[in-house]
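Just input_9.cif here, mmCIF, C-alpha atoms and all ligand atoms:
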data_input
#
loop_
_atom_site.label_atom_id
_atom_site.label_comp_id
_atom_site.auth_asym_id
_atom_site.auth_seq_id
_atom_site.Cartn_x
_atom_site.Cartn_y
_atom_site.Cartn_z
CA MET S 1 16.80 -64.12 -4.28
CA LEU S 2 16.38 -62.89 -7.85
CA SER S 3 18.86 -60.55 -9.48
CA VAL S 4 17.11 -57.29 -10.31
CA PHE S 5 18.20 -54.40 -12.51
CA CYS S 6 16.15 -51.19 -12.81
CA SER S 7 16.47 -48.12 -15.00
CA PRO S 8 14.39 -45.27 -16.40
CA THR S 9 12.40 -46.14 -19.53
CA ARG S 10 14.35 -43.59 -21.57
CA TYR S 11 17.42 -41.42 -20.96
CA ALA S 12 18.23 -38.46 -23.22
CA GLN S 13 21.20 -36.13 -22.79
CA GLY S 14 22.79 -33.38 -24.83
CA LYS S 15 23.33 -29.69 -25.44
CA ASN S 16 19.97 -27.84 -25.55
CA ALA S 17 18.02 -31.06 -24.88
CA THR S 18 15.18 -29.02 -23.32
CA ALA S 19 14.11 -27.94 -26.79
CA SER S 20 13.26 -31.60 -27.51
CA LEU S 21 11.25 -32.20 -24.30
CA GLY S 22 7.84 -32.00 -26.00
CA GLN S 23 8.87 -34.38 -28.78
CA GLU S 24 10.44 -36.78 -26.29
CA LEU S 25 7.19 -36.89 -24.28
CA PHE S 26 5.13 -37.29 -27.41
CA GLY S 27 7.34 -40.15 -28.58
CA LEU S 28 6.62 -41.99 -25.33
CA GLY S 29 2.90 -41.50 -25.78
CA LEU S 30 2.74 -38.91 -22.98
CA THR S 31 0.43 -36.31 -24.42
CA GLY S 32 -0.27 -34.26 -21.28
CA PRO S 33 -1.48 -32.00 -19.89
CA VAL S 34 1.81 -31.59 -18.02
CA LEU S 35 2.60 -30.04 -14.65
CA VAL S 36 6.18 -28.77 -14.55
CA VAL S 37 7.48 -28.62 -10.97
CA ALA S 38 10.47 -26.32 -11.05
CA GLY S 39 12.76 -24.22 -8.92
CA ARG S 40 12.97 -20.49 -9.45
CA SER S 41 16.17 -20.49 -11.49
CA ALA S 42 14.89 -23.29 -13.76
CA ILE S 43 11.76 -21.26 -14.41
CA ARG S 44 13.79 -18.15 -15.20
CA LEU S 45 16.11 -20.07 -17.52
CA LEU S 46 13.70 -22.48 -19.24
CA ALA S 47 10.11 -21.19 -19.13
CA SER S 48 10.21 -19.84 -22.71
CA THR S 49 11.78 -23.08 -24.03
CA TRP S 50 9.04 -25.13 -22.32
CA THR S 51 6.36 -22.96 -23.91
CA ALA S 52 7.92 -23.47 -27.35
CA THR S 53 8.60 -27.21 -27.08
CA PHE S 54 5.20 -28.09 -25.60
CA LYS S 55 3.45 -25.91 -28.17
CA GLU S 56 5.31 -27.68 -30.97
CA ALA S 57 4.18 -31.05 -29.56
CA THR S 58 0.63 -29.74 -28.90
CA ILE S 59 0.92 -30.52 -25.17
CA GLU S 60 -0.71 -28.25 -22.59
CA HIS S 61 1.38 -27.37 -19.54
CA ALA S 62 1.26 -25.52 -16.21
CA VAL S 63 4.15 -24.61 -13.90
CA HIS S 64 4.36 -25.16 -10.11
CA SER S 65 7.03 -23.10 -8.37
CA PHE S 66 8.92 -25.36 -5.94
CA GLY S 67 8.80 -24.44 -2.25
CA GLY S 68 12.43 -25.28 -1.44
CA GLU S 69 12.35 -28.57 0.48
CA CYS S 70 11.30 -32.12 -0.45
CA SER S 71 9.00 -32.37 2.54
CA LEU S 72 5.62 -34.00 3.04
CA ALA S 73 3.98 -30.55 2.99
CA GLU S 74 5.55 -29.62 -0.37
CA ILE S 75 4.58 -32.99 -1.90
CA GLU S 76 0.96 -32.27 -0.91
CA ARG S 77 1.15 -28.80 -2.50
CA VAL S 78 2.37 -30.30 -5.79
CA LYS S 79 -0.40 -32.89 -5.70
CA SER S 80 -3.05 -30.24 -5.27
CA SER S 81 -1.58 -28.19 -8.18
CA ALA S 82 -1.64 -31.35 -10.31
CA ARG S 83 -5.25 -32.11 -9.42
CA GLN S 84 -6.28 -28.52 -10.09
CA ALA S 85 -4.71 -28.48 -13.56
CA LYS S 86 -6.00 -32.05 -14.22
CA VAL S 87 -2.57 -33.08 -15.48
CA ARG S 88 -1.62 -36.54 -16.72
CA VAL S 89 2.17 -36.18 -16.53
CA ILE S 90 4.46 -34.56 -13.95
CA VAL S 91 7.78 -33.10 -15.04
CA GLY S 92 10.36 -32.14 -12.41
CA ALA S 93 12.92 -29.56 -13.55
CA GLY S 94 15.63 -28.47 -11.13
CA GLY S 95 17.94 -29.87 -8.49
CA GLY S 96 17.64 -33.16 -6.62
CA LYS S 97 14.98 -31.99 -4.19
CA VAL S 98 12.70 -30.71 -6.96
CA LEU S 99 12.97 -34.05 -8.74
CA ASP S 100 12.42 -36.02 -5.52
CA THR S 101 9.26 -34.01 -4.89
CA ALA S 102 7.99 -34.48 -8.46
CA ARG S 103 8.56 -38.24 -8.21
CA ALA S 104 6.79 -38.48 -4.86
CA ALA S 105 3.76 -36.53 -6.07
CA ALA S 106 3.58 -38.50 -9.34
CA ALA S 107 3.77 -41.81 -7.47
CA ASP S 108 0.97 -40.81 -5.10
CA LEU S 109 -1.20 -39.77 -8.04
CA GLU S 110 -0.09 -42.75 -10.16
CA LEU S 111 1.05 -40.49 -12.98
CA PRO S 112 4.05 -40.86 -15.31
CA VAL S 113 7.04 -38.74 -14.26
CA VAL S 114 9.79 -37.03 -16.25
CA ASN S 115 12.97 -35.75 -14.61
CA CYS S 116 14.94 -32.87 -16.08
CA PRO S 117 17.88 -32.23 -13.75
CA THR S 118 19.29 -28.73 -14.22
CA VAL S 119 22.42 -29.64 -12.28
CA ALA S 120 24.38 -32.90 -12.21
CA SER S 121 24.60 -32.68 -8.44
CA SER S 122 23.35 -36.15 -7.47
CA ASP S 123 22.41 -39.56 -8.81
CA ALA S 124 18.74 -39.22 -7.84
CA PRO S 125 17.24 -38.38 -11.28
CA CYS S 126 17.21 -41.94 -12.67
CA SER S 127 16.05 -43.67 -9.49
CA ALA S 128 12.66 -44.89 -8.29
CA LEU S 129 13.08 -43.47 -4.81
CA SER S 130 12.93 -40.11 -3.07
CA VAL S 131 14.70 -38.85 -0.01
CA ILE S 132 12.21 -37.07 2.20
CA TYR S 133 13.38 -34.33 4.55
CA THR S 134 11.61 -32.42 7.27
CA ASP S 135 10.74 -28.77 6.51
CA GLU S 136 13.93 -27.96 8.46
CA GLY S 137 16.06 -30.08 6.09
CA VAL S 138 16.77 -33.08 8.35
CA PHE S 139 16.78 -36.51 6.63
CA GLN S 140 13.49 -38.24 7.38
CA GLU S 141 13.05 -41.33 5.20
CA TYR S 142 13.58 -43.03 1.85
CA ARG S 143 10.42 -43.51 -0.16
CA PHE S 144 10.38 -46.24 -2.80
CA TYR S 145 8.19 -46.30 -5.90
CA LYS S 146 6.95 -49.05 -8.15
CA LYS S 147 8.83 -47.81 -11.20
CA ASN S 148 11.66 -45.59 -12.38
CA PRO S 149 10.99 -42.34 -14.26
CA ASP S 150 9.48 -42.65 -17.71
CA LEU S 151 12.04 -40.21 -19.05
CA VAL S 152 15.18 -38.51 -17.75
CA LEU S 153 16.23 -35.61 -19.96
CA VAL S 154 19.51 -33.84 -19.24
CA ASP S 155 20.35 -30.56 -20.94
CA THR S 156 24.12 -30.17 -20.71
CA GLN S 157 23.94 -26.55 -21.87
CA VAL S 158 21.91 -25.81 -18.71
CA ILE S 159 24.33 -27.79 -16.54
CA ALA S 160 27.28 -25.90 -17.99
CA GLN S 161 25.67 -22.64 -16.81
CA GLY S 162 25.17 -23.95 -13.27
CA PRO S 163 27.44 -23.54 -10.25
CA PRO S 164 30.67 -25.61 -10.56
CA ARG S 165 30.30 -26.54 -6.91
CA LEU S 166 27.10 -28.47 -7.70
CA LEU S 167 28.84 -30.49 -10.41
CA ALA S 168 31.58 -31.32 -7.91
CA ALA S 169 28.92 -32.33 -5.36
CA GLY S 170 27.51 -34.71 -7.97
CA MET S 171 30.96 -36.21 -8.29
CA GLY S 172 30.99 -36.74 -4.52
CA ASP S 173 27.74 -38.69 -4.75
CA ALA S 174 29.07 -40.66 -7.75
CA LEU S 175 32.43 -41.25 -6.07
CA ALA S 176 30.76 -43.41 -3.44
CA THR S 177 28.80 -45.52 -5.95
CA TRP S 178 31.53 -48.02 -6.87
CA PHE S 179 32.67 -48.50 -3.26
CA GLU S 180 29.17 -48.96 -1.90
CA ALA S 181 28.23 -51.25 -4.80
CA LYS S 182 31.30 -53.43 -4.27
CA THR S 183 30.54 -53.76 -0.57
CA CYS S 184 26.93 -54.78 -1.27
CA VAL S 185 27.90 -57.34 -3.89
CA ALA S 186 30.60 -58.86 -1.69
CA GLY S 187 28.08 -59.22 1.14
CA HIS S 188 25.32 -60.68 -1.11
CA VAL S 189 22.85 -58.16 0.26
CA ARG S 190 19.74 -56.84 -1.44
CA ASN S 191 20.03 -53.80 -3.70
CA MET S 192 17.69 -50.78 -3.42
CA ARG S 193 15.04 -52.70 -5.41
CA GLY S 194 15.02 -55.78 -3.22
CA GLY S 195 17.01 -58.08 -5.51
CA ALA S 196 20.60 -59.24 -5.83
CA SER S 197 22.96 -57.14 -7.92
CA THR S 198 23.79 -57.97 -11.53
CA ARG S 199 27.15 -57.95 -13.29
CA SER S 200 25.68 -55.16 -15.41
CA ALA S 201 25.03 -52.85 -12.45
CA LEU S 202 28.45 -53.52 -10.95
CA ALA S 203 30.16 -52.86 -14.29
CA LEU S 204 28.31 -49.54 -14.60
CA ALA S 205 29.36 -48.57 -11.06
CA LYS S 206 32.98 -49.29 -11.95
CA LEU S 207 32.72 -47.30 -15.19
CA CYS S 208 31.28 -44.47 -13.11
CA TYR S 209 34.39 -44.38 -10.89
CA GLU S 210 36.77 -44.63 -13.87
CA THR S 211 34.97 -41.79 -15.65
CA LEU S 212 35.26 -39.55 -12.58
CA LEU S 213 39.00 -40.12 -12.33
CA GLU S 214 39.44 -39.59 -16.07
CA ASP S 215 37.12 -36.65 -16.73
CA GLY S 216 36.21 -35.08 -13.38
CA ALA S 217 38.74 -32.25 -13.26
CA GLU S 218 38.35 -31.37 -16.93
CA ALA S 219 34.56 -31.37 -16.70
CA LEU S 220 34.76 -29.06 -13.71
CA ARG S 221 36.88 -26.63 -15.74
CA ALA S 222 34.28 -26.77 -18.54
CA VAL S 223 31.54 -25.65 -16.13
CA GLN S 224 33.83 -22.98 -14.67
CA THR S 225 34.19 -21.73 -18.26
CA ARG S 226 30.46 -22.31 -18.93
CA VAL S 227 31.06 -24.48 -21.97
CA VAL S 228 29.94 -27.97 -23.05
CA THR S 229 32.77 -30.35 -23.92
CA PRO S 230 32.94 -34.12 -24.54
CA ALA S 231 34.54 -34.52 -21.08
CA LEU S 232 31.58 -32.69 -19.52
CA GLU S 233 29.11 -34.88 -21.45
CA ARG S 234 30.85 -38.03 -20.19
CA LEU S 235 31.05 -36.75 -16.63
CA VAL S 236 27.39 -35.68 -16.55
CA GLU S 237 26.46 -39.17 -17.73
CA ALA S 238 28.60 -40.64 -14.94
CA ASN S 239 27.06 -38.41 -12.23
CA THR S 240 23.51 -38.96 -13.43
CA LEU S 241 23.08 -42.25 -15.29
CA LEU S 242 25.99 -44.50 -14.28
CA SER S 243 25.87 -43.53 -10.62
CA GLY S 244 22.07 -43.72 -10.60
CA LEU S 245 21.91 -47.20 -12.10
CA GLY S 246 24.91 -48.32 -10.05
CA PHE S 247 23.59 -47.35 -6.64
CA GLU S 248 20.03 -48.44 -7.23
CA SER S 249 20.74 -51.82 -8.76
CA SER S 250 23.80 -52.66 -6.65
CA GLY S 251 23.06 -50.94 -3.35
CA LEU S 252 24.24 -48.40 -0.80
CA ALA S 253 26.41 -48.99 2.27
CA ALA S 254 28.15 -46.91 4.95
CA ALA S 255 28.90 -43.74 2.94
CA HIS S 256 25.23 -42.82 2.50
CA ALA S 257 24.33 -43.88 6.04
CA VAL S 258 27.05 -41.59 7.43
CA HIS S 259 25.65 -38.85 5.18
CA ASN S 260 22.23 -39.39 6.72
CA GLY S 261 23.83 -39.19 10.15
CA LEU S 262 25.59 -35.94 9.25
CA THR S 263 22.28 -34.29 8.33
CA ALA S 264 21.42 -34.50 12.06
CA ALA S 265 24.08 -31.81 12.65
CA PRO S 266 22.66 -28.35 11.85
CA GLY S 267 26.17 -27.14 10.85
CA THR S 268 26.09 -29.38 7.76
CA HIS S 269 22.86 -27.99 6.33
CA ASP S 270 24.63 -25.50 4.06
CA PHE S 271 26.46 -28.36 2.35
CA PHE S 272 25.21 -30.47 -0.52
CA HIS S 273 24.24 -34.13 -0.41
CA GLY S 274 27.25 -35.18 -2.49
CA GLU S 275 29.67 -33.18 -0.35
CA LYS S 276 28.51 -35.00 2.77
CA VAL S 277 28.55 -38.32 0.90
CA ALA S 278 32.19 -37.67 -0.09
CA ASP S 279 33.05 -37.28 3.59
CA GLY S 280 30.89 -40.29 4.42
CA LEU S 281 32.84 -42.31 1.87
CA LEU S 282 36.12 -41.59 3.64
CA ALA S 283 34.52 -42.83 6.87
CA GLN S 284 33.35 -45.98 5.04
CA LEU S 285 36.83 -46.68 3.67
CA VAL S 286 38.33 -46.26 7.15
CA LEU S 287 35.59 -48.41 8.69
CA GLU S 288 36.29 -51.16 6.15
CA GLY S 289 40.03 -50.96 6.76
CA GLN S 290 40.77 -50.24 3.08
CA PRO S 291 44.44 -49.98 2.11
CA ARG S 292 46.27 -46.68 2.05
CA SER S 293 46.47 -46.73 -1.79
CA VAL S 294 42.66 -46.72 -2.10
CA LEU S 295 42.32 -43.88 0.40
CA GLU S 296 45.01 -41.87 -1.35
CA ARG S 297 43.33 -42.17 -4.75
CA VAL S 298 40.06 -40.92 -3.25
CA LEU S 299 41.76 -38.11 -1.33
CA HIS S 300 43.66 -37.07 -4.44
CA PHE S 301 40.52 -36.99 -6.57
CA SER S 302 38.46 -35.14 -3.96
CA THR S 303 41.16 -32.52 -3.56
CA ALA S 304 41.44 -32.07 -7.35
CA VAL S 305 37.73 -31.27 -7.72
CA GLY S 306 37.29 -29.39 -4.43
CA LEU S 307 35.30 -31.99 -2.52
CA PRO S 308 35.52 -31.91 1.29
CA ILE S 309 37.89 -34.32 2.99
CA THR S 310 37.62 -32.95 6.54
CA LEU S 311 34.79 -32.24 8.98
CA ALA S 312 35.65 -28.53 8.98
CA GLU S 313 34.84 -28.44 5.25
CA ILE S 314 31.27 -29.58 5.90
CA GLY S 315 30.61 -27.12 8.70
CA LEU S 316 31.78 -29.25 11.61
CA ALA S 317 35.03 -27.53 12.65
CA GLU S 318 33.68 -28.00 16.17
CA LEU S 319 32.19 -31.42 16.82
CA PRO S 320 31.16 -31.95 20.45
CA ARG S 321 31.23 -35.58 21.57
CA GLU S 322 27.46 -35.54 22.12
CA LEU S 323 26.77 -34.42 18.54
CA LEU S 324 29.18 -37.01 17.16
CA GLN S 325 27.29 -39.67 19.07
CA GLN S 326 24.01 -38.39 17.65
CA ILE S 327 25.43 -38.59 14.11
CA ALA S 328 26.70 -42.13 14.73
CA GLN S 329 23.36 -43.20 16.22
CA ARG S 330 21.51 -41.81 13.22
CA ALA S 331 23.93 -43.49 10.79
CA THR S 332 23.35 -46.87 12.43
CA ALA S 333 19.58 -46.60 12.86
CA LYS S 334 17.54 -49.69 12.08
CA GLY S 335 17.14 -50.19 8.33
CA GLU S 336 20.12 -47.98 7.46
CA THR S 337 22.30 -49.04 4.54
CA ILE S 338 25.34 -49.17 6.84
CA HIS S 339 24.08 -52.62 7.83
CA ASN S 340 25.00 -53.75 4.31
CA GLU S 341 28.62 -53.75 5.48
CA PRO S 342 29.84 -57.33 5.86
CA PHE S 343 30.31 -56.98 9.63
CA GLU S 344 28.26 -55.68 12.52
CA VAL S 345 28.53 -51.88 12.71
CA ARG S 346 28.00 -50.23 16.09
CA PRO S 347 27.68 -46.47 16.70
CA ASP S 348 31.05 -46.27 18.49
CA MET S 349 32.78 -47.74 15.40
CA VAL S 350 31.15 -45.10 13.19
CA ALA S 351 32.16 -42.29 15.56
CA ASP S 352 35.75 -43.55 15.50
CA ALA S 353 35.75 -43.87 11.70
CA ILE S 354 34.42 -40.32 11.29
CA LEU S 355 37.17 -38.90 13.52
CA ALA S 356 39.87 -41.05 11.90
CA ALA S 357 38.76 -40.04 8.39
CA ASP S 358 38.87 -36.39 9.46
CA ALA S 359 42.40 -36.79 10.85
CA LEU S 360 43.43 -38.46 7.61
CA GLY S 361 41.98 -35.61 5.54
CA ARG S 362 43.69 -32.97 7.67
CA ALA S 363 47.02 -34.76 7.40
CA TRP S 364 46.58 -35.01 3.63
CA GLN S 365 45.86 -31.28 3.38
CA LYS S 366 48.94 -30.42 5.41
CA GLU S 367 51.13 -32.66 3.25
CA HIS S 368 49.53 -31.32 0.09
CA ASP S 369 49.93 -27.66 1.10
CA ARG S 370 53.58 -28.28 1.88
CA SER S 371 54.31 -29.97 -1.45
CA ALA S 372 52.31 -27.32 -3.34
CA SER S 373 54.37 -24.51 -1.83
CA SER S 374 57.62 -26.38 -2.51
CA THR S 375 56.92 -26.95 -6.25
CA CYS S 376 57.80 -23.35 -7.18
CA GLY S 377 54.52 -21.54 -7.51
CA ASP S 378 52.52 -24.32 -9.17
CA SER S 379 49.44 -23.31 -7.23
CA THR S 380 49.79 -19.57 -7.78
CA PRO S 381 46.70 -18.28 -9.59
CA GLY S 382 47.45 -17.36 -13.18
CA SER S 383 50.85 -19.03 -13.28
CA ASP S 384 49.89 -21.41 -16.08
ZN ZN G 401 23.36 -40.09 -3.01
#
As C-alpha cells:
Amino acid sequence: MLSVFCSPTRYAQGKNATASLGQELFGLGLTGPVLVVAGRSAIRLLASTWTATFKEATIEHAVHSFGGECSLAEIERVKSSARQAKVRVIVGAGGGKVLDTARAAAADLELPVVNCPTVASSDAPCSALSVIYTDEGVFQEYRFYKKNPDLVLVDTQVIAQGPPRLLAAGMGDALATWFEAKTCVAGHVRNMRGGASTRSALALAKLCYETLLEDGAEALRAVQTRVVTPALERLVEANTLLSGLGFESSGLAAAHAVHNGLTAAPGTHDFFHGEKVADGLLAQLVLEGQPRSVLERVLHFSTAVGLPITLAEIGLAELPRELLQQIAQRATAKGETIHNEPFEVRPDMVADAILAADALGRAWQKEHDRSASSTCGDSTPGSD
C-alpha cells in the first residue's frame, strides 16, 4: 500500500479575504464564468464584495441560492444552474452543506471548485469528499472525488461575525481528528484516499489537537465579541486546514461512525455535525478503553467551549432501547469507518459505549457544577 497525502491546491486565509477572491482565482488561471453557490446569509453579507472582486478580475459570475440540504435533488439543481450560465468554475460560499453541494456538482460537471467557508464549523472545506444527506437530513453516503478543491479561501472577518456555536461545533469536529487519525495509523488501515497515512498527516492532526487546547476558548471569546485575533486565526486554521488534512490523509474511525448513527435519531437533527462528532468521540474513547486522563482532558475542553458531553445535549434526553439499537446498527453498517478500530466492533458494543459515555458526561457535569458553586461565585456572570 502506498502512503498518500492529499490537500487543496491553494489555501488562503485572513481578515477580509473575500475581497481577494477574484485575484486568487485569476492567479490560478481560473477565469470564469463563475457560479457562486451560497446560502442566504452569505449572499446578504458578501454579494457586493463578490461583484467588486470579480469585476476587478474581469470574471463574470452568477449566484445560485442554496436550497438548504446537500441532497441529490439540490446537487441536480446546482448543476442545471451551472449549465444554464455556462460556467467554468463553481464557488461554494457558506456552511458545510453548501460546500459539499458545490463540490458534488463541480465533480459531476468536471469543473474546478473553490470553497469559501463562512463558518469554521467543520473540516469539510479542504477535502475531496462530500457527505450526502436525504432531503430530510439523514446521513446517506460519502461521495469521493478525484481531486481536492482548487482553492479554499477563508475570510476570518466573516467567521468572526458568525454564531459562536458554529465555531465550537467546528472544534468538535476537529477534536476527533487526532484520536481518529491515531487509531487509523496504529491499525495500518487505509486513509480516506485509499493509501496509508504519512508522518506529515499525523503531525498535522496532532498540531490540530494542540491548537484546540491552546486557543479554543480564546478564539470562542473572539467570535462572541465579533473580533479577529491571532488566536482566532490559529483556531480557524486548525478547524479548517489542519483537521481537514488530518482526517482525510490519516483516516476516520468510531467517532464519525457514531455521528452517522446519531443522525438516524430525529431528535439530533437540530444539532451540528461537530456537536454530534464530539459526543461520538467520547463513545470512541470509551470503546477503545482509553485512560481516565485522556477522557478528562477531552471532557474539560468540551465543557470549556460548550460542546455536548451528554446525550441530552444533542436532543436525546430520552433514548428508547430500540432507537439506541438503530443508532448502533447504523454506526456499524458495512463500510463504516468504525471498522478502522483495531478490533471487531459489534452493534451491542457501540450501544454500551454510547450509554457509558453519556453516564461519564453526566457525572462530569455534576462534579463540575459542584466545584463551580464551591469556588465562591467564579461562574457568576459578570464577576470577572
Ligand atoms: Zn467531520
Q. Which polymer residues have any atom within 12 Å of an atom of S:Pro8, counting only C-alpha atoms, with same-chain residues fewer than 2 positions away left out, as a PyMOL selection string?
A. chain S and resi 5-6+10-12+112-115+124-129+146-153+240-242+244-245+248-249
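Atom CA of S:Ala169 is found 6.4 Å from atom CA of S:Phe272.
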Q. S:Leu46, S:Asn340, S:Glu288, S:Leu99: which is nearest S:Ala181, counting only C-alpha atoms?
A.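 Of the candidates, the smallest distance to S:Ala181 is held by S:Asn340.
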Q | Pick from S:Arg330, S:Arg234, S:Lys15, S:His61, whichever lies nearest to S:Gly32 using all atoms listed in the file | A |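 Closest to S:Gly32, using all atoms listed in the file: S:His61.
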Pull the closest atom pair for each residue of chain S that gets at most 6 Å from ligand ZN 401 (chain G), along with the distance in Å to one decimal, counting only C-alpha atoms and all ligand atoms, ordering rows by chain and then ascending residue number, as JSON lines.
{"residue": "S:Ser122", "atom": "CA", "partner": "G:ZN401", "partner_atom": "ZN", "distance": 6.0}
{"residue": "S:Asp123", "atom": "CA", "partner": "G:ZN401", "partner_atom": "ZN", "distance": 5.9}
{"residue": "S:Asp173", "atom": "CA", "partner": "G:ZN401", "partner_atom": "ZN", "distance": 4.9}
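Distance annotation: of S:Thr198, S:Thr58, S:Ser3, S:Thr101, the residue with the minimal separation from S:Ile75 is S:Thr101; atom set is all atoms listed in the file.
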Q: Dig up all the protein and nucleic acid residues within 10 Å of (32.5, -39.1, 12.8) in the file frame, using all atoms listed in the file, and format them as an MDAnalysis selection string.
A: chainID S and resid 258 261:262 279:280 283 311 316 319 321 323:328 331 347:358
Q) Out of S:Gly68, S:Pro342, S:Gly137, S:Gly216, which residue has the shortest atom-to-atom distance to S:Leu287 when counting only C-alpha atoms? A) S:Pro342
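Ranking S:Ala176, S:Val36, S:Val236, S:Val228 by their shortest atom-to-atom distance to S:Lys276, with only C-alpha atoms included, puts S:Ala176 first.
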Q) What is the distance between atom CA of S:Glu275 and atom CA of S:Trp364, in Å to one decimal? A)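 Going from atom CA of S:Glu275 over to atom CA of S:Trp364, I get 17.5 Å.
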Q. Any idea what the distance is between atom CA of S:Val131 and atom CA of S:Arg143?
A.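 These two atoms are separated by 6.3 Å.
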Q | Spatial neighbours of S:Ser81, max dist 12 Å, only C-alpha atoms, sep filter under 5 positions, as a PyMOL selection string | A | chain S and resi 34-37+61-66+74-76+86-88+90+102+105-106+109
Would you save the residues of that selection, restricted to C-alpha atoms, as a PDB file, in the frame of the given file?
ATOM      1  CA  VAL S  34       1.810 -31.590 -18.020  1.00  0.00           C
ATOM      2  CA  LEU S  35       2.600 -30.040 -14.650  1.00  0.00           C
ATOM      3  CA  VAL S  36       6.180 -28.770 -14.550  1.00  0.00           C
ATOM      4  CA  VAL S  37       7.480 -28.620 -10.970  1.00  0.00           C
ATOM      5  CA  HIS S  61       1.380 -27.370 -19.540  1.00  0.00           C
ATOM      6  CA  ALA S  62       1.260 -25.520 -16.210  1.00  0.00           C
ATOM      7  CA  VAL S  63       4.150 -24.610 -13.900  1.00  0.00           C
ATOM      8  CA  HIS S  64       4.360 -25.160 -10.110  1.00  0.00           C
ATOM      9  CA  SER S  65       7.030 -23.100  -8.370  1.00  0.00           C
ATOM     10  CA  PHE S  66       8.920 -25.360  -5.940  1.00  0.00           C
ATOM     11  CA  GLU S  74       5.550 -29.620  -0.370  1.00  0.00           C
ATOM     12  CA  ILE S  75       4.580 -32.990  -1.900  1.00  0.00           C
ATOM     13  CA  GLU S  76       0.960 -32.270  -0.910  1.00  0.00           C
ATOM     14  CA  LYS S  86      -6.000 -32.050 -14.220  1.00  0.00           C
ATOM     15  CA  VAL S  87      -2.570 -33.080 -15.480  1.00  0.00           C
ATOM     16  CA  ARG S  88      -1.620 -36.540 -16.720  1.00  0.00           C
ATOM     17  CA  ILE S  90       4.460 -34.560 -13.950  1.00  0.00           C
ATOM     18  CA  ALA S 102       7.990 -34.480  -8.460  1.00  0.00           C
ATOM     19  CA  ALA S 105       3.760 -36.530  -6.070  1.00  0.00           C
ATOM     20  CA  ALA S 106       3.580 -38.500  -9.340  1.00  0.00           C
ATOM     21  CA  LEU S 109      -1.200 -39.770  -8.040  1.00  0.00           C
TER      22      LEU S 109
END
To test the calculation: enclose all listed atoms of stretch 224-231 of chain S in a box whose edges run along x, y and z, add 8 Å on each side, then state centre and edge lengths in Å to one decimal, as AutoDock Vina command-line options.
--center_x 32.2 --center_y -28.1 --center_z -19.6 --size_x 20.6 --size_y 28.8 --size_z 25.9
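The shell of residues at most 10 Å from stretch 291-295 of chain S, with only C-alpha atoms counted and near chain neighbours (fewer than 3 positions) removed, consists of Leu281, Leu282, Leu285, Val286, Glu288, Val298, Leu299, His300, Phe301, Ala357, Leu360 and Gly361 of chain S.
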**Q.** Neighbours of point (18.8, -27.9, -24.3) within 10 Å, using only C-alpha atoms, written as JSON, numbers by chain
**A.** {"S": [13, 14, 15, 16, 17, 18, 19, 20, 21, 46, 49, 153, 154, 155, 156, 157, 158, 159]}
(Q) Residues within 10 Å of S:Glu218, please, as a ChimeraX atom specification. Count only C-alpha atoms; anything in the same chain fewer than 5 positions from it doesn't count. (A) /S:212-213,223-224,229-232,235,305
Q.
Restricting the calculation to all atoms listed in the file: of S:Ala222, S:Leu202, S:Val227, S:Ala104, which residue gets closest to S:Ala186?
A.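 So, comparing all the options, the nearest one is S:Leu202.
Near stretch 191-195 of chain S, within 7 Å and counting all atoms listed in the file, sit Met1, Leu2, Ser3, Val4, Val189, Ser197, Glu248, Ser249, Ser250 and Gly251 of chain S; same-chain residues fewer than 2 positions away were not included.
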Assuming the input is short of atoms at stretch 125-136 of chain S, produce N, CA and C atoms for that part as a CSV table (one decimal), keeping the file's coordinate frame.
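Resulting contents of part-v3.csv:
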chain,number,residue,atom,x,y,z
S,125,PRO,N,18.2,-38.5,-10.2
S,125,PRO,CA,17.2,-38.4,-11.3
S,125,PRO,C,16.8,-39.7,-11.9
S,126,CYS,N,17.6,-40.7,-12.0
S,126,CYS,CA,17.2,-41.9,-12.7
S,126,CYS,C,16.5,-42.9,-11.7
S,127,SER,N,16.5,-42.7,-10.4
S,127,SER,CA,16.0,-43.7,-9.5
S,127,SER,C,14.5,-43.7,-9.3
S,128,ALA,N,14.1,-44.8,-8.6
S,128,ALA,CA,12.7,-44.9,-8.3
S,128,ALA,C,12.5,-44.7,-6.8
S,129,LEU,N,13.3,-43.8,-6.2
S,129,LEU,CA,13.1,-43.5,-4.8
S,129,LEU,C,13.3,-42.0,-4.6
S,130,SER,N,12.7,-41.5,-3.5
S,130,SER,CA,12.9,-40.1,-3.1
S,130,SER,C,13.5,-40.1,-1.7
S,131,VAL,N,14.2,-39.1,-1.4
S,131,VAL,CA,14.7,-38.8,0.0
S,131,VAL,C,13.8,-37.7,0.6
S,132,ILE,N,13.1,-38.1,1.6
S,132,ILE,CA,12.2,-37.1,2.2
S,132,ILE,C,12.9,-36.4,3.4
S,133,TYR,N,12.8,-35.1,3.4
S,133,TYR,CA,13.4,-34.3,4.6
S,133,TYR,C,12.3,-33.7,5.3
S,134,THR,N,12.6,-33.2,6.5
S,134,THR,CA,11.6,-32.4,7.3
S,134,THR,C,11.7,-31.0,6.7
S,135,ASP,N,10.7,-30.1,7.0
S,135,ASP,CA,10.7,-28.8,6.5
S,135,ASP,C,12.0,-28.1,6.9
S,136,GLU,N,12.7,-28.6,8.0
S,136,GLU,CA,13.9,-28.0,8.5
S,136,GLU,C,15.2,-28.6,7.8
